[in-house]
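Participant: Just one file: run.cif, with mmCIF, C-alpha atoms.
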```cif
data_final
loop_
_atom_site.label_atom_id
_atom_site.label_comp_id
_atom_site.auth_asym_id
_atom_site.auth_seq_id
_atom_site.Cartn_x
_atom_site.Cartn_y
_atom_site.Cartn_z
CA MET G 1479 0.00 0.00 0.00
CA GLN G 1480 2.72 2.46 0.92
CA ILE G 1481 4.55 1.97 -2.39
CA VAL G 1482 1.35 2.65 -4.32
CA LEU G 1483 0.69 5.75 -2.19
CA VAL G 1484 4.18 7.06 -2.93
CA LEU G 1485 3.84 6.42 -6.67
CA VAL G 1486 0.37 7.95 -6.93
CA GLY G 1487 1.33 10.80 -4.62
CA LEU G 1488 4.40 11.63 -6.72
CA PHE G 1489 2.39 11.34 -9.94
CA CYS G 1490 -0.26 13.76 -8.67
CA SER G 1491 2.31 16.05 -7.05
CA PHE G 1492 4.09 16.38 -10.38
CA TRP G 1493 0.98 18.17 -11.59
CA GLY G 1494 2.15 21.06 -9.41
CA TYR G 1495 4.81 21.73 -12.06
CA ILE G 1496 2.15 21.75 -14.78
CA LEU G 1497 0.01 24.08 -12.68
CA PHE G 1498 2.88 26.47 -11.99
CA ASP G 1499 3.85 26.48 -15.66
CA ALA G 1500 0.28 27.16 -16.81
CA LEU G 1501 -0.22 29.98 -14.32
CA TRP G 1502 3.22 31.53 -14.76
CA ARG G 1503 2.97 31.71 -18.54
CA SER G 1504 -0.76 32.47 -18.55
CA ARG G 1505 -1.34 29.53 -20.89
CA TRP G 1506 -4.83 29.07 -19.56
CA LEU G 1507 -5.72 32.56 -20.80
CA ASN G 1508 -4.34 31.95 -24.28
CA ARG G 1509 -6.23 28.67 -24.58
CA ASN G 1510 -9.41 29.95 -22.91
CA ASP G 1511 -9.04 27.09 -20.43
CA ASP G 1512 -9.77 28.40 -16.97
CA VAL G 1513 -10.98 24.97 -15.76
CA GLY G 1514 -7.66 23.22 -16.44
CA PRO G 1515 -5.58 24.90 -13.73
CA MET G 1516 -8.37 24.42 -11.17
CA PHE G 1517 -8.54 20.70 -11.94
CA VAL G 1518 -4.76 20.35 -11.82
CA SER G 1519 -4.63 22.17 -8.47
CA LEU G 1520 -7.01 19.60 -6.93
CA ASN G 1521 -4.87 16.69 -8.11
CA PHE G 1522 -1.70 18.42 -6.96
CA VAL G 1523 -3.07 18.86 -3.42
CA LEU G 1524 -4.37 15.27 -3.42
CA GLY G 1525 -0.87 14.09 -4.32
CA VAL G 1526 0.70 16.00 -1.45
CA PHE G 1527 -1.77 14.54 1.03
CA LEU G 1528 -1.36 11.02 -0.34
CA LEU G 1529 2.38 11.40 0.29
CA LEU G 1530 1.60 12.48 3.85
CA ALA G 1531 -0.69 9.44 4.25
CA VAL G 1532 2.20 7.06 3.54
CA LYS G 1533 3.26 6.98 7.20
CA GLN G 1534 -0.11 5.83 8.51
CA PRO G 1535 -2.38 4.56 5.72
CA ALA G 1536 -4.99 3.15 8.10
CA ARG G 1537 -5.49 6.54 9.75
CA ASN G 1538 -5.91 8.17 6.34
CA ARG G 1539 -8.38 5.65 4.95
CA SER G 1540 -10.97 8.28 3.95
CA LEU G 1541 -8.39 10.30 2.06
CA ILE G 1542 -7.16 7.22 0.21
CA ALA G 1543 -10.75 6.24 -0.60
CA TYR G 1544 -11.34 9.75 -1.93
CA GLY G 1545 -8.25 9.43 -4.12
CA ALA G 1546 -9.50 6.10 -5.45
CA TRP G 1547 -13.07 7.17 -6.16
CA SER G 1548 -12.07 10.52 -7.64
CA SER G 1549 -9.67 8.71 -9.99
CA LEU G 1550 -12.39 6.31 -11.07
CA ALA G 1551 -14.85 9.17 -11.57
CA HIS G 1552 -12.22 11.00 -13.62
CA ALA G 1553 -11.55 7.93 -15.79
CA PHE G 1554 -15.29 7.40 -16.28
CA THR G 1555 -15.79 11.05 -17.28
CA MET G 1556 -12.86 10.87 -19.71
CA THR G 1557 -14.34 7.71 -21.23
CA ILE G 1558 -17.68 9.42 -21.84
CA GLN G 1559 -15.98 12.50 -23.30
CA ALA G 1560 -13.74 10.42 -25.58
CA THR G 1561 -16.70 8.33 -26.77
CA GLU G 1562 -18.85 11.38 -27.46
CA ALA G 1563 -16.00 13.14 -29.26
CA TRP G 1564 -15.30 10.05 -31.37
CA ALA G 1565 -19.03 9.76 -32.24
CA HIS G 1566 -18.93 13.35 -33.50
CA GLY G 1567 -15.70 12.86 -35.46
CA ILE G 1568 -13.57 14.91 -33.05
CA HIS G 1569 -10.14 13.73 -31.96
CA ARG G 1570 -9.29 14.49 -28.32
CA LYS G 1571 -5.76 15.12 -27.07
CA ASP G 1572 -6.03 12.57 -24.27
CA SER G 1573 -5.48 9.02 -25.33
CA PRO G 1574 -7.12 5.75 -24.27
CA GLN G 1575 -3.94 5.05 -22.30
CA ASP G 1576 -4.66 8.10 -20.12
CA ILE G 1577 -8.06 6.68 -19.28
CA VAL G 1578 -6.58 3.28 -18.46
CA ILE G 1579 -3.80 4.76 -16.31
CA ILE G 1580 -6.20 6.88 -14.23
CA GLY G 1581 -8.60 3.92 -13.93
CA VAL G 1582 -5.80 1.58 -12.79
CA VAL G 1583 -4.75 4.14 -10.16
CA GLY G 1584 -8.32 4.18 -8.79
CA VAL G 1585 -8.63 0.40 -8.78
CA ALA G 1586 -5.20 -0.03 -7.14
CA LEU G 1587 -6.02 2.41 -4.36
CA LEU G 1588 -9.38 0.72 -3.74
CA ALA G 1589 -7.89 -2.77 -3.82
CA LEU G 1590 -5.20 -1.84 -1.31
CA LEU G 1591 -7.43 0.33 0.88
CA PRO G 1592 -6.70 -0.47 4.55
CA ALA G 1593 -9.45 -2.32 6.37
CA LYS G 1594 -11.81 -0.23 8.44
CA THR G 1595 -10.97 -0.43 12.13
CA ILE G 1596 -13.68 -0.28 14.74
CA SER G 1597 -13.03 0.37 18.40
CA THR G 1598 -14.32 -2.51 20.52
CA GLY G 1599 -13.96 -0.85 23.92
CA ARG G 1600 -16.98 0.54 25.74
CA SER G 1601 -15.31 3.82 26.59
CA ARG G 1602 -17.55 6.75 27.34
CA SER G 1603 -15.06 9.44 26.47
CA TYR G 1604 -15.17 11.41 23.27
CA GLN G 1605 -11.41 11.00 22.85
CA SER G 1606 -11.61 7.22 22.47
CA ALA G 1607 -14.47 7.63 20.00
CA ALA G 1608 -12.18 9.84 17.93
CA SER G 1609 -10.25 6.76 16.87
CA CYS G 1610 -12.93 6.15 14.21
CA LEU G 1611 -11.68 6.95 10.75
CA THR G 1612 -14.59 8.70 9.08
CA LEU G 1613 -16.80 11.57 10.13
CA GLU G 1614 -19.83 9.32 9.72
CA ASP G 1615 -18.31 6.74 12.09
CA LEU G 1616 -17.41 9.46 14.57
CA VAL G 1617 -20.92 10.94 14.56
CA HIS G 1618 -22.47 7.48 14.93
CA ARG G 1619 -20.10 6.57 17.76
CA ARG G 1620 -20.80 9.85 19.56
CA ALA G 1621 -24.54 9.26 19.28
CA CYS G 1622 -24.10 5.77 20.80
CA ILE G 1623 -22.07 7.18 23.67
CA GLU G 1624 -24.68 9.86 24.35
CA MET G 1625 -27.44 7.22 24.38
CA GLN G 1626 -25.43 5.07 26.80
CA GLU G 1627 -24.93 8.06 29.08
CA LEU G 1628 -28.64 8.92 28.91
CA PHE G 1629 -29.70 5.40 29.82
CA SER G 1630 -27.09 5.12 32.59
CA GLU G 1631 -28.37 8.36 34.13
CA ARG G 1632 -31.89 6.91 34.17
CA GLY G 1633 -30.61 3.59 35.53
CA ASP G 1634 -31.73 1.71 32.43
CA SER G 1635 -29.60 -0.52 30.29
CA LEU G 1636 -29.21 -0.69 26.52
CA ARG G 1637 -29.28 -4.49 26.63
#
```
Go through the file and emit its structure as structure tokens.
Facilitator:
Amino acid sequence: MQIVLVLVGLFCSFWGYILFDALWRSRWLNRNDDVGPMFVSLNFVLGVFLLLAVKQPARNRSLIAYGAWSSLAHAFTMTIQATEAWAHGIHRKDSPQDIVIIGVVGVALLALLPAKTISTGRSRSYQSAASCLTLEDLVHRRACIEMQELFSERGDSLR
């Protein structure tokens, strides 16, 4: 997993050079392409954070999942655009290999995604609930803790 994170992180981080070059030389103005630099900036930042996630992949599961799903969504969008362009007799600059590469990145990140860890302790503190990896898990865990506290105050049990 860590090797894939480094490779994908470096690949996406390299887009920072493309972004800097496009902004420095105002290429986006000449090509009337204001969306390009914005898209590249998102991938550049994703690359930096994927490199930071290398140390503790399990703690950065949501970020890695975002990288995977955004890559798959990007490959899917490129596929639709390429198909539509081809149907209208237009040749796009991106090649089928680009679509495959981005798709493989998404599949690799999903396939190697660390397993979700769930705290098994019955701690009542918010700090131990913070070990959950996603916001949804954290909110759910906090709600469970609050219900346990409510029932314990009343002398009831959840079981």
Participant: What's the 12 Å shell around G:Ala1500, counting all atoms listed in the file, without same-chain residues fewer than 3 positions away, as a CSV table (one decimal) with C-alpha atoms, in the coordinates of the input?
Facilitator:
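Here's the written file out24.csv:
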```csv
chain,number,residue,atom,x,y,z
G,1493,TRP,CA,1.0,18.2,-11.6
G,1494,GLY,CA,2.2,21.1,-9.4
G,1495,TYR,CA,4.8,21.7,-12.1
G,1496,ILE,CA,2.2,21.8,-14.8
G,1497,LEU,CA,0.0,24.1,-12.7
G,1503,ARG,CA,3.0,31.7,-18.5
G,1504,SER,CA,-0.8,32.5,-18.6
G,1505,ARG,CA,-1.3,29.5,-20.9
G,1506,TRP,CA,-4.8,29.1,-19.6
G,1507,LEU,CA,-5.7,32.6,-20.8
G,1508,ASN,CA,-4.3,32.0,-24.3
G,1509,ARG,CA,-6.2,28.7,-24.6
G,1510,ASN,CA,-9.4,30.0,-22.9
G,1511,ASP,CA,-9.0,27.1,-20.4
G,1512,ASP,CA,-9.8,28.4,-17.0
G,1513,VAL,CA,-11.0,25.0,-15.8
G,1514,GLY,CA,-7.7,23.2,-16.4
G,1515,PRO,CA,-5.6,24.9,-13.7
G,1516,MET,CA,-8.4,24.4,-11.2
G,1517,PHE,CA,-8.5,20.7,-11.9
G,1518,VAL,CA,-4.8,20.4,-11.8
G,1519,SER,CA,-4.6,22.2,-8.5
```
Participant: Please enumerate the residues selected by the PyMOL selection byres ((chain G and resi 1577) around 10) when evaluated against the supplied file, formatted as an MDAnalysis selection string.
Facilitator: chainID G and resid 1549:1550 1552:1557 1560 1572:1576 1578:1582
Participant: Counting all atoms listed in the file, figure out which residue out of G:Leu1524, G:Val1585, G:Ile1568, G:Leu1530 gets nearest to G:Cys1490.
Facilitator: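 Selected residue with least distance to G:Cys1490: G:Leu1524.
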Participant: Which value, in Å to one decimal, gives the distance between atom CA of G:Val1526 and atom CA of G:Lys1594?
Facilitator: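 Between atom CA of G:Val1526 and atom CA of G:Lys1594 the gap is 22.8 Å.
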Participant: Rank nothing, just name the residue among G:His1618, G:Val1583, G:Glu1624, G:Ala1593 nearest to G:Val1482, using only C-alpha atoms.
Facilitator: G:Val1583
Participant: Can you work out the spacing between atom CA of G:Gly1584 and atom CA of G:Ser1548 in Å, to one decimal?
Facilitator: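 Taking atom CA of G:Gly1584 as the start and atom CA of G:Ser1548 as the end point, the length is 7.5 Å.
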Participant: Could you jot down the atom CA of G:Leu1501 to atom CA of G:Phe1527 separation for me, Å, one decimal place?
Facilitator: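 Between these atoms lies a distance of 21.8 Å.
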Participant: Since I can't run it myself right now, could you work out what the PyMOL selection byres ((chain G and resi 1592) around 10) selects here and report it as a compact mmCIF listing (two decimals) with C-alpha atoms, keeping the file's coordinate frame?
Facilitator:
```
# COMPACT_ATOMS: atom_id res chain seq x y z
CA MET G 1479 0.00 0.00 0.00
CA GLN G 1534 -0.11 5.83 8.51
CA PRO G 1535 -2.38 4.56 5.72
CA ALA G 1536 -4.99 3.15 8.10
CA ARG G 1537 -5.49 6.54 9.75
CA ASN G 1538 -5.91 8.17 6.34
CA ARG G 1539 -8.38 5.65 4.95
CA SER G 1540 -10.97 8.28 3.95
CA ILE G 1542 -7.16 7.22 0.21
CA ALA G 1543 -10.75 6.24 -0.60
CA LEU G 1587 -6.02 2.41 -4.36
CA LEU G 1588 -9.38 0.72 -3.74
CA ALA G 1589 -7.89 -2.77 -3.82
CA LEU G 1590 -5.20 -1.84 -1.31
CA LEU G 1591 -7.43 0.33 0.88
CA ALA G 1593 -9.45 -2.32 6.37
CA LYS G 1594 -11.81 -0.23 8.44
CA THR G 1595 -10.97 -0.43 12.13
```
Participant: G:Ala1586, G:Val1523, G:Ile1481, G:Leu1488: which is nearest G:Trp1547, counting only C-alpha atoms?
Facilitator: G:Ala1586
Participant: Pick from G:Val1486, G:Val1532, G:Ile1596, G:Ala1565: nearest to G:Ala1546, with only C-alpha atoms counted?
Facilitator: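 When distances to G:Ala1546 are compared using only C-alpha atoms, the smallest one comes from G:Val1486.
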